[in-house]
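Chemist: Contents of start_7.cif (mmCIF, C-alpha atoms) are given next:
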data_run
#
loop_
_atom_site.group_PDB
_atom_site.id
_atom_site.type_symbol
_atom_site.label_atom_id
_atom_site.label_comp_id
_atom_site.auth_asym_id
_atom_site.auth_seq_id
_atom_site.Cartn_x
_atom_site.Cartn_y
_atom_site.Cartn_z
ATOM 1 C CA MET A 22 84.322 107.401 85.487
ATOM 2 C CA SER A 23 87.489 107.311 87.549
ATOM 3 C CA MET A 24 88.634 104.167 89.297
ATOM 4 C CA ALA A 25 89.727 104.284 92.950
ATOM 5 C CA VAL A 26 93.437 103.627 93.337
ATOM 6 C CA SER A 27 94.317 101.111 96.033
ATOM 7 C CA PRO A 28 97.059 102.246 98.431
ATOM 8 C CA ALA A 29 100.502 100.677 98.078
ATOM 9 C CA THR A 30 101.249 97.925 100.598
ATOM 10 C CA ALA A 31 104.309 96.276 102.121
ATOM 11 C CA LEU A 32 104.940 93.585 104.692
ATOM 12 C CA GLY A 33 106.104 94.634 108.152
ATOM 13 C CA VAL A 34 107.836 92.287 110.598
ATOM 14 C CA ASP A 35 108.469 93.311 114.206
ATOM 15 C CA ILE A 36 110.840 90.952 116.040
ATOM 16 C CA GLY A 37 110.210 91.128 119.775
ATOM 17 C CA GLY A 38 111.838 89.344 122.663
ATOM 18 C CA THR A 39 109.029 86.765 122.863
ATOM 19 C CA THR A 40 106.872 87.189 119.749
ATOM 20 C CA ILE A 41 107.168 88.249 116.125
ATOM 21 C CA LYS A 42 104.374 90.463 114.790
ATOM 22 C CA VAL A 43 103.683 90.326 111.046
ATOM 23 C CA GLY A 44 101.204 92.410 109.073
ATOM 24 C CA ARG A 45 100.473 94.003 105.716
ATOM 25 C CA VAL A 46 100.872 97.783 105.967
ATOM 26 C CA ALA A 47 99.241 100.156 103.506
ATOM 27 C CA SER A 48 100.412 103.648 102.659
ATOM 28 C CA ASP A 49 97.299 105.044 104.371
ATOM 29 C CA GLY A 50 98.357 103.434 107.664
ATOM 30 C CA SER A 51 95.876 100.573 107.626
ATOM 31 C CA LEU A 52 97.104 97.218 108.935
ATOM 32 C CA THR A 53 95.686 93.897 107.739
ATOM 33 C CA ASP A 54 96.521 90.177 107.673
ATOM 34 C CA THR A 55 98.137 90.376 111.111
ATOM 35 C CA ARG A 56 99.558 87.403 112.964
ATOM 36 C CA THR A 57 101.986 86.633 115.757
ATOM 37 C CA VAL A 58 104.419 83.756 116.201
ATOM 38 C CA PRO A 59 106.969 82.923 118.927
ATOM 39 C CA THR A 60 110.466 84.392 118.528
ATOM 40 C CA PRO A 61 113.291 81.828 118.223
ATOM 41 C CA ARG A 62 116.678 82.993 119.488
ATOM 42 C CA ASP A 63 118.661 81.247 116.744
ATOM 43 C CA PRO A 64 118.786 83.741 113.835
ATOM 44 C CA HIS A 65 118.719 81.025 111.169
ATOM 45 C CA VAL A 66 115.677 79.383 112.742
ATOM 46 C CA LEU A 67 114.149 82.850 112.931
ATOM 47 C CA ALA A 68 114.792 83.303 109.201
ATOM 48 C CA GLU A 69 112.887 80.072 108.543
ATOM 49 C CA VAL A 70 109.970 81.238 110.696
ATOM 50 C CA ILE A 71 109.819 84.584 108.896
ATOM 51 C CA ALA A 72 110.099 82.823 105.526
ATOM 52 C CA THR A 73 106.985 80.790 106.358
ATOM 53 C CA GLU A 74 105.067 84.011 106.997
ATOM 54 C CA VAL A 75 106.540 85.935 104.059
ATOM 55 C CA ASP A 76 105.887 83.178 101.513
ATOM 56 C CA ARG A 77 102.189 84.033 101.736
ATOM 57 C CA THR A 78 102.724 87.435 100.133
ATOM 58 C CA PRO A 79 104.096 88.696 96.806
ATOM 59 C CA GLU A 80 105.593 91.833 98.371
ATOM 60 C CA PRO A 81 109.081 92.432 96.864
ATOM 61 C CA VAL A 82 110.407 94.398 99.861
ATOM 62 C CA ILE A 83 110.070 93.354 103.499
ATOM 63 C CA GLY A 84 110.532 95.711 106.432
ATOM 64 C CA VAL A 85 111.994 94.099 109.559
ATOM 65 C CA VAL A 86 112.577 95.837 112.888
ATOM 66 C CA ASN A 87 114.397 94.579 115.941
ATOM 67 C CA PRO A 88 115.133 95.771 119.499
ATOM 68 C CA GLY A 89 118.659 96.499 120.655
ATOM 69 C CA ILE A 90 121.456 98.427 118.989
ATOM 70 C CA ILE A 91 120.838 98.458 115.243
ATOM 71 C CA ASP A 92 123.029 99.879 112.490
ATOM 72 C CA GLU A 93 120.490 100.530 109.752
ATOM 73 C CA ARG A 94 123.226 101.529 107.288
ATOM 74 C CA THR A 95 124.893 98.093 107.370
ATOM 75 C CA GLY A 96 121.912 95.934 108.329
ATOM 76 C CA VAL A 97 123.729 94.632 111.411
ATOM 77 C CA VAL A 98 122.312 94.017 114.893
ATOM 78 C CA THR A 99 125.224 95.307 116.956
ATOM 79 C CA PHE A 100 123.730 94.071 120.224
ATOM 80 C CA ALA A 101 120.345 92.689 121.269
ATOM 81 C CA ALA A 102 120.478 91.591 124.910
ATOM 82 C CA ASN A 103 117.059 89.949 125.059
ATOM 83 C CA LEU A 104 117.896 87.739 122.055
ATOM 84 C CA GLY A 105 121.556 87.097 122.820
ATOM 85 C CA TRP A 106 122.757 88.579 119.522
ATOM 86 C CA ARG A 107 125.953 90.517 118.925
ATOM 87 C CA ASP A 108 127.318 91.791 115.575
ATOM 88 C CA LEU A 109 124.704 89.761 113.694
ATOM 89 C CA PRO A 110 124.289 90.554 109.947
ATOM 90 C CA LEU A 111 120.542 89.993 110.179
ATOM 91 C CA GLN A 112 119.613 91.818 106.995
ATOM 92 C CA ALA A 113 121.982 89.655 104.922
ATOM 93 C CA ILE A 114 120.766 86.454 106.622
ATOM 94 C CA LEU A 115 117.155 87.282 105.870
ATOM 95 C CA GLU A 116 117.790 88.390 102.290
ATOM 96 C CA ARG A 117 119.604 85.140 101.525
ATOM 97 C CA ARG A 118 116.774 83.051 102.931
ATOM 98 C CA LEU A 119 113.844 85.094 101.613
ATOM 99 C CA GLY A 120 115.242 85.964 98.208
ATOM 100 C CA ARG A 121 113.822 89.463 98.549
ATOM 101 C CA ARG A 122 115.048 92.900 99.519
ATOM 102 C CA VAL A 123 114.946 93.443 103.288
ATOM 103 C CA VAL A 124 115.224 96.794 105.021
ATOM 104 C CA LEU A 125 116.294 96.471 108.670
ATOM 105 C CA GLY A 126 115.378 99.034 111.300
ATOM 106 C CA HIS A 127 115.209 99.689 115.024
ATOM 107 C CA ASP A 128 111.843 98.911 116.619
ATOM 108 C CA VAL A 129 111.531 102.239 118.460
ATOM 109 C CA ARG A 130 112.707 104.369 115.531
ATOM 110 C CA ALA A 131 110.253 102.472 113.335
ATOM 111 C CA GLY A 132 107.498 103.055 115.882
ATOM 112 C CA ALA A 133 108.343 106.759 115.825
ATOM 113 C CA LEU A 134 108.030 106.768 112.035
ATOM 114 C CA ALA A 135 104.605 105.136 112.257
ATOM 115 C CA GLU A 136 103.394 107.519 114.973
ATOM 116 C CA SER A 137 104.687 110.439 112.902
ATOM 117 C CA LEU A 138 102.874 109.298 109.769
ATOM 118 C CA TRP A 139 99.623 107.906 111.155
ATOM 119 C CA GLY A 140 99.502 108.475 114.909
ATOM 120 C CA ALA A 141 100.192 111.030 117.616
ATOM 121 C CA GLY A 142 103.067 112.767 115.820
ATOM 122 C CA ALA A 143 100.910 114.420 113.151
ATOM 123 C CA ALA A 144 103.809 114.318 110.651
ATOM 124 C CA GLY A 145 105.782 116.949 112.557
ATOM 125 C CA ASP A 146 108.613 117.136 115.077
ATOM 126 C CA MET A 147 108.404 114.632 117.916
ATOM 127 C CA LEU A 148 110.356 112.878 120.638
ATOM 128 C CA PHE A 149 108.927 109.355 120.862
ATOM 129 C CA MET A 150 109.601 107.360 124.018
ATOM 130 C CA PRO A 151 107.852 104.032 124.655
ATOM 131 C CA LEU A 152 108.224 102.871 128.256
ATOM 132 C CA GLY A 153 108.142 99.115 127.728
ATOM 133 C CA THR A 154 110.244 96.227 129.006
ATOM 134 C CA GLY A 155 113.160 98.586 128.407
ATOM 135 C CA ILE A 156 113.259 102.235 127.371
ATOM 136 C CA ALA A 157 114.561 103.833 124.212
ATOM 137 C CA SER A 158 113.589 106.965 122.323
ATOM 138 C CA ALA A 159 113.561 108.328 118.796
ATOM 139 C CA LEU A 160 113.666 111.859 117.465
ATOM 140 C CA VAL A 161 111.594 112.949 114.477
ATOM 141 C CA LEU A 162 112.474 116.305 112.900
ATOM 142 C CA ASP A 163 110.682 117.631 109.821
ATOM 143 C CA GLY A 164 109.011 114.243 109.462
ATOM 144 C CA VAL A 165 112.350 112.377 109.305
ATOM 145 C CA VAL A 166 113.474 109.931 111.998
ATOM 146 C CA ARG A 167 117.011 110.813 113.051
ATOM 147 C CA GLY A 168 119.835 108.649 114.410
ATOM 148 C CA THR A 169 121.212 105.129 114.191
ATOM 149 C CA GLY A 170 123.177 102.749 116.394
ATOM 150 C CA TRP A 171 123.206 103.892 120.033
ATOM 151 C CA ALA A 172 121.183 107.052 119.366
ATOM 152 C CA GLY A 173 118.141 107.278 121.610
ATOM 153 C CA GLU A 174 119.194 104.686 124.190
ATOM 154 C CA VAL A 175 118.050 106.868 127.087
ATOM 155 C CA GLY A 176 117.203 103.812 129.155
ATOM 156 C CA GLN A 177 120.930 103.330 129.722
ATOM 157 C CA VAL A 178 121.456 106.809 131.222
ATOM 158 C CA LEU A 179 122.499 106.469 134.870
ATOM 159 C CA VAL A 180 120.191 108.102 137.412
ATOM 160 C CA ALA A 181 119.969 108.174 141.197
ATOM 161 C CA ASP A 182 118.722 104.903 142.693
ATOM 162 C CA PRO A 183 115.814 105.802 145.016
ATOM 163 C CA ASP A 184 116.176 102.523 146.887
ATOM 164 C CA HIS A 185 119.938 102.805 147.524
ATOM 165 C CA PRO A 186 121.015 106.417 148.158
ATOM 166 C CA GLY A 187 124.432 107.253 146.781
ATOM 167 C CA THR A 188 124.262 104.726 143.944
ATOM 168 C CA ARG A 189 123.154 105.075 140.340
ATOM 169 C CA VAL A 190 121.273 102.699 138.046
ATOM 170 C CA PRO A 191 120.106 102.768 134.417
ATOM 171 C CA PHE A 192 117.001 104.908 133.931
ATOM 172 C CA GLU A 193 115.009 101.933 132.650
ATOM 173 C CA GLN A 194 115.404 100.244 136.053
ATOM 174 C CA ILE A 195 113.222 103.028 137.498
ATOM 175 C CA ALA A 196 110.657 103.966 134.850
ATOM 176 C CA SER A 197 110.207 101.031 132.461
ATOM 177 C CA ALA A 198 107.086 98.856 132.619
ATOM 178 C CA SER A 199 109.102 95.923 133.943
ATOM 179 C CA ALA A 200 110.775 98.153 136.544
ATOM 180 C CA LEU A 201 107.426 99.283 137.962
ATOM 181 C CA ALA A 202 106.428 95.669 138.559
ATOM 182 C CA ALA A 203 109.826 94.651 139.932
ATOM 183 C CA ARG A 204 110.083 97.621 142.303
ATOM 184 C CA TYR A 205 106.532 97.086 143.563
ATOM 185 C CA ALA A 206 107.247 93.414 144.210
ATOM 186 C CA ALA A 207 110.454 94.271 146.071
ATOM 187 C CA ALA A 208 108.718 96.926 148.175
ATOM 188 C CA THR A 209 105.879 94.596 149.176
ATOM 189 C CA GLY A 210 107.904 91.415 149.569
ATOM 190 C CA SER A 211 106.033 89.713 146.756
ATOM 191 C CA SER A 212 107.606 87.432 144.177
ATOM 192 C CA ASP A 213 104.720 87.804 141.704
ATOM 193 C CA VAL A 214 105.364 90.280 138.879
ATOM 194 C CA SER A 215 103.006 88.596 136.402
ATOM 195 C CA ALA A 216 100.577 91.529 136.373
ATOM 196 C CA GLY A 217 103.366 93.817 135.213
ATOM 197 C CA ALA A 218 103.023 97.587 135.054
ATOM 198 C CA ARG A 219 99.279 97.248 134.473
ATOM 199 C CA GLY A 220 98.906 95.647 137.903
ATOM 200 C CA VAL A 221 100.825 98.476 139.569
ATOM 201 C CA LEU A 222 98.716 101.090 137.782
ATOM 202 C CA GLU A 223 95.515 99.315 138.829
ATOM 203 C CA ARG A 224 96.712 99.411 142.432
ATOM 204 C CA LEU A 225 97.529 103.110 141.979
ATOM 205 C CA ALA A 226 93.931 103.723 140.890
ATOM 206 C CA ASP A 227 92.752 101.831 143.995
ATOM 207 C CA GLY A 228 94.760 104.147 146.255
ATOM 208 C CA ASP A 229 97.621 101.794 147.105
ATOM 209 C CA PRO A 230 100.298 104.004 148.771
ATOM 210 C CA VAL A 231 103.176 101.730 147.702
ATOM 211 C CA ALA A 232 102.068 101.861 144.067
ATOM 212 C CA ALA A 233 101.684 105.635 144.374
ATOM 213 C CA GLU A 234 105.272 106.021 145.596
ATOM 214 C CA ILE A 235 106.665 103.714 142.886
ATOM 215 C CA VAL A 236 104.850 105.656 140.150
ATOM 216 C CA ARG A 237 105.710 109.053 141.660
ATOM 217 C CA THR A 238 109.417 108.184 141.651
ATOM 218 C CA ALA A 239 109.185 107.022 138.041
ATOM 219 C CA ILE A 240 107.406 110.238 137.027
ATOM 220 C CA ASP A 241 109.946 112.455 138.811
ATOM 221 C CA THR A 242 112.892 110.617 137.243
ATOM 222 C CA LEU A 243 111.269 110.762 133.802
ATOM 223 C CA ALA A 244 110.558 114.479 134.247
ATOM 224 C CA ASP A 245 114.219 115.145 135.074
ATOM 225 C CA LEU A 246 115.322 113.360 131.900
ATOM 226 C CA LEU A 247 112.710 115.051 129.697
ATOM 227 C CA ALA A 248 113.601 118.465 131.095
ATOM 228 C CA ASP A 249 117.265 117.906 130.224
ATOM 229 C CA THR A 250 116.202 116.783 126.755
ATOM 230 C CA ALA A 251 114.090 119.919 126.275
ATOM 231 C CA GLY A 252 117.115 122.017 127.182
ATOM 232 C CA LEU A 253 119.025 120.371 124.316
ATOM 233 C CA LEU A 254 116.298 120.095 121.670
ATOM 234 C CA GLY A 255 113.931 122.903 122.547
ATOM 235 C CA PRO A 256 110.170 122.394 122.995
ATOM 236 C CA VAL A 257 109.818 119.332 120.752
ATOM 237 C CA PRO A 258 106.446 117.592 121.335
ATOM 238 C CA ILE A 259 106.769 114.444 123.459
ATOM 239 C CA VAL A 260 104.857 111.242 122.686
ATOM 240 C CA LEU A 261 104.959 108.521 125.345
ATOM 241 C CA GLY A 262 103.991 104.913 124.732
ATOM 242 C CA GLY A 263 103.617 101.701 126.737
ATOM 243 C CA GLY A 264 103.860 101.185 130.489
ATOM 244 C CA LEU A 265 103.210 104.446 132.307
ATOM 245 C CA ALA A 266 101.523 106.082 129.310
ATOM 246 C CA GLU A 267 98.766 103.430 129.320
ATOM 247 C CA ALA A 268 97.428 105.006 132.503
ATOM 248 C CA GLY A 269 96.466 108.136 130.551
ATOM 249 C CA ASP A 270 95.887 111.318 132.522
ATOM 250 C CA ALA A 271 96.557 109.539 135.827
ATOM 251 C CA VAL A 272 100.222 109.680 134.810
ATOM 252 C CA LEU A 273 100.329 112.322 132.076
ATOM 253 C CA GLU A 274 98.861 115.091 134.257
ATOM 254 C CA PRO A 275 101.378 114.650 137.134
ATOM 255 C CA LEU A 276 104.150 114.431 134.539
ATOM 256 C CA ARG A 277 103.014 117.683 132.933
ATOM 257 C CA ALA A 278 102.975 119.311 136.376
ATOM 258 C CA ALA A 279 106.486 117.994 137.094
ATOM 259 C CA LEU A 280 107.748 119.461 133.807
ATOM 260 C CA VAL A 281 106.193 122.845 134.654
ATOM 261 C CA GLN A 282 108.297 122.823 137.842
ATOM 262 C CA ARG A 283 111.457 122.091 135.848
ATOM 263 C CA LEU A 284 111.119 124.171 132.689
ATOM 264 C CA PRO A 285 110.432 127.811 131.810
ATOM 265 C CA GLY A 286 107.389 128.375 129.636
ATOM 266 C CA GLU A 287 109.421 128.736 126.453
ATOM 267 C CA LEU A 288 110.771 125.159 126.779
ATOM 268 C CA ARG A 289 107.515 123.417 127.649
ATOM 269 C CA ALA A 290 106.243 121.202 124.862
ATOM 270 C CA PRO A 291 102.998 119.296 124.313
ATOM 271 C CA LEU A 292 102.948 115.902 126.006
ATOM 272 C CA ARG A 293 100.617 113.196 124.743
ATOM 273 C CA ALA A 294 100.175 109.447 124.656
ATOM 274 C CA ALA A 295 100.993 107.327 121.610
ATOM 275 C CA VAL A 296 97.971 105.966 119.752
ATOM 276 C CA LEU A 297 99.217 102.981 117.715
ATOM 277 C CA GLY A 298 99.846 100.657 120.643
ATOM 278 C CA SER A 299 101.845 97.449 120.438
ATOM 279 C CA TRP A 300 101.639 97.274 116.625
ATOM 280 C CA ALA A 301 103.550 100.537 116.099
ATOM 281 C CA GLY A 302 106.777 98.654 115.350
ATOM 282 C CA CYS A 303 105.119 96.465 112.718
ATOM 283 C CA LEU A 304 103.508 99.519 111.120
ATOM 284 C CA GLY A 305 106.872 101.275 111.123
ATOM 285 C CA ALA A 306 108.550 98.245 109.545
ATOM 286 C CA GLY A 307 106.018 98.375 106.744
ATOM 287 C CA ALA A 308 106.586 102.118 106.380
ATOM 288 C CA LEU A 309 110.330 101.514 105.954
ATOM 289 C CA ALA A 310 109.615 99.007 103.182
ATOM 290 C CA LEU A 311 107.204 101.422 101.492
ATOM 291 C CA GLU A 312 109.849 104.163 101.614
ATOM 292 C CA LEU A 313 112.435 101.894 100.004
ATOM 293 C CA ARG A 314 110.019 100.869 97.246
ATOM 294 C CA GLN A 315 109.304 104.532 96.535
ATOM 295 C CA GLU A 316 113.027 105.339 96.353
ATOM 296 C CA ARG A 317 113.657 102.507 93.886
ATOM 297 C CA ARG A 318 111.069 103.765 91.370
#
Let me see whether you can do it: turn the structure in this file into structure tokens.

Modeler:
Amino acid sequence: MSMAVSPATALGVDIGGTTIKVGRVASDGSLTDTRTVPTPRDPHVLAEVIATEVDRTPEPVIGVVNPGIIDERTGVVTFAANLGWRDLPLQAILERRLGRRVVLGHDVRAGALAESLWGAGAAGDMLFMPLGTGIASALVLDGVVRGTGWAGEVGQVLVADPDHPGTRVPFEQIASASALAARYAAATGSSDVSAGARGVLERLADGDPVAAEIVRTAIDTLADLLADTAGLLGPVPIVLGGGLAEAGDAVLEPLRAALVQRLPGELRAPLRAAVLGSWAGCLGAGALALELRQERR
């Protein structure tokens, strides 16, 4: 009688601008023992907070992912605007405090790894682009996430500002989740952005013409960028997460139509929504730790 073999597990830690997500990630993609705690800006206080969470588990390798510009080869956070960090040796700080091996990654590249393994990427080629508070992207080719440092920071690409003709602004000021809320508030004279992108999308569903124009502009700008990307990469499947993608076909169908207008048939790729949601980064962090454990055997 054969005994079932339990999947290998590792701890994943996703450091966000306001909260830290922690969970145990198994090699089959299951996520258990999840919890969230507030994110401190001081990296040494953060190490103490993570240590409190990590001390509950015997896992020898911890995967940690962070937003911003990350050099995975050196374990350094080159720049993280929302945390006020620059040239921070986060991996070394955490390893000293935790007494365990830490693998540091970028939150979006880690999310792409998770979607590739267990989500919408189906373990193939994929361009992953979550439209969250900011915008970044990650490229998966042959099941391997490519790039480090500034690679994938498409949110910083300058595009035409629809509100101020003749000027240019970063792409994420047009199409990110926070941008949708901010632009709607500015267009309506409201100071309330608490509902975020979800509020704008709800108003879109209710037929609000201002919301429709804000979303249309975001879709057109996103389509321009994706069409340029397809010209460079070829018809790599596109997986969108967060913000606009949460609206499903209400956004994906107009975006597909916009891409048809911009690309010949040979360059059109499948476009679908991500499936792992806000825990993709934590899952990806765990996947990085599992990969490192496998390499060390």

Chemist: Could you tell me which residues the PyMOL selection byres ((chain A and resi 246) around 12) returns for this structure, as a PyMOL selection string?

Modeler: chain A and resi 150+158+175-181+191-193+195-196+239-245+247-253+276+279-280+283-284

Chemist: Evaluate the PyMOL selection byres ((chain A and resi 61) around 12) and record the selected residues as number ranges by chain, following the chain and residue labels used in the document.

Modeler: A: 36-41, 58-60, 62-71, 103-106

Chemist: Got a sec to resolve the PyMOL selection byres ((chain A and resi 87) around 6) on this structure and send the residues as a ChimeraX atom specification?

Modeler: /A:36,86,88,127-128

Chemist: Counting only C-alpha atoms, which residue out of A:Leu111, A:Ile90, A:Val161, A:Ala131 sits closest to Leu309 (chain A)?

Modeler: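 Closest to Leu309 (chain A) of all the choices is A:Ala131.
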
Chemist: Give the answer as one residue: which of A:Gly220, A:Gly307, A:Tyr205, A:Gly126 has the shortest atom-to-atom distance to Thr99 (chain A), using all atoms listed in the file?

Modeler: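 Smallest distance to Thr99 (chain A) is found for A:Gly126.
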
Chemist: Between A:Gly44, A:Gly305, A:Pro81, A:Gly269, which residue has the minimum interatomic distance to Leu138 (chain A), considering all atoms listed in the file?

Modeler: A:Gly305

Chemist: Would you list the contacts of Ala200 (chain A) as a VMD selection string, taking every protein, DNA or RNA residue within 12 Å and counting all atoms listed in the file, but skipping same-chain residues closer than 5 positions in sequence?

Modeler: chain A and resid 152 to 156 176 190 to 195 205 to 208 214 217 to 219 221 235 to 236 238 to 239 264 to 265

Chemist: With distances taken over all atoms listed in the file, which residue among A:Leu32, A:Ala102, A:Ala141, A:Ala266 lies nearest Ala198 (chain A)?

Modeler: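 Comparing A:Leu32, A:Ala102, A:Ala141, A:Ala266 against Ala198 (chain A), the winner is A:Ala266.
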
Chemist: Choose the residue, out of A:Pro110, A:Pro28, A:Pro183, A:Gly33, that has the smallest atom-to-atom separation from Ala308 (chain A); count all atoms listed in the file.

Modeler: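 Looking only at the distances to Ala308 (chain A), the closest residue turns out to be A:Gly33.
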
Chemist: When you draw a straight line from CA of Asp76 (chain A) to CA of Gly50 (chain A), how long is it in Å?

Modeler: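 Atom-to-atom, CA of Asp76 (chain A) to CA of Gly50 (chain A), that is 22.5 Å.
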
Chemist: If you measure from CA of Arg314 (chain A) to CA of Gly173 (chain A), what distance in Å do you get, rounded to one decimal?

Modeler: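 Computing the Euclidean distance for CA of Arg314 (chain A) and CA of Gly173 (chain A) yields 26.5 Å.
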
Chemist: Given the choices A:Leu109, A:Leu254, A:Ala306, A:Val98, which gets closest to Val123 (chain A) if the distance is worked out from all atoms listed in the file?

Modeler: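 Checking each candidate against Val123 (chain A), we get A:Ala306 as the closest.
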
Chemist: Just how far from CA of Gly170 (chain A) is CA of Leu125 (chain A), in Å to one decimal?

Modeler: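 Rounded to one decimal, the two atoms are 12.1 Å apart.
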
Chemist: Tell me, as a list in words, which residues lie within 9 Å of Leu52 (chain A), counting all atoms listed in the file; anything in the same chain fewer than 6 positions away does not count.

Modeler: Gly44, Arg45, Val46, Trp300, Cys303 and Leu304 of chain A

Chemist: Show which residues sit within 10 Å of Val165 (chain A), as JSON, numbers by chain. Count all atoms listed in the file, and ignore same-chain residues fewer than 6 positions away.

Modeler: {"A": [133, 134, 137, 138, 144, 145, 146, 147]}
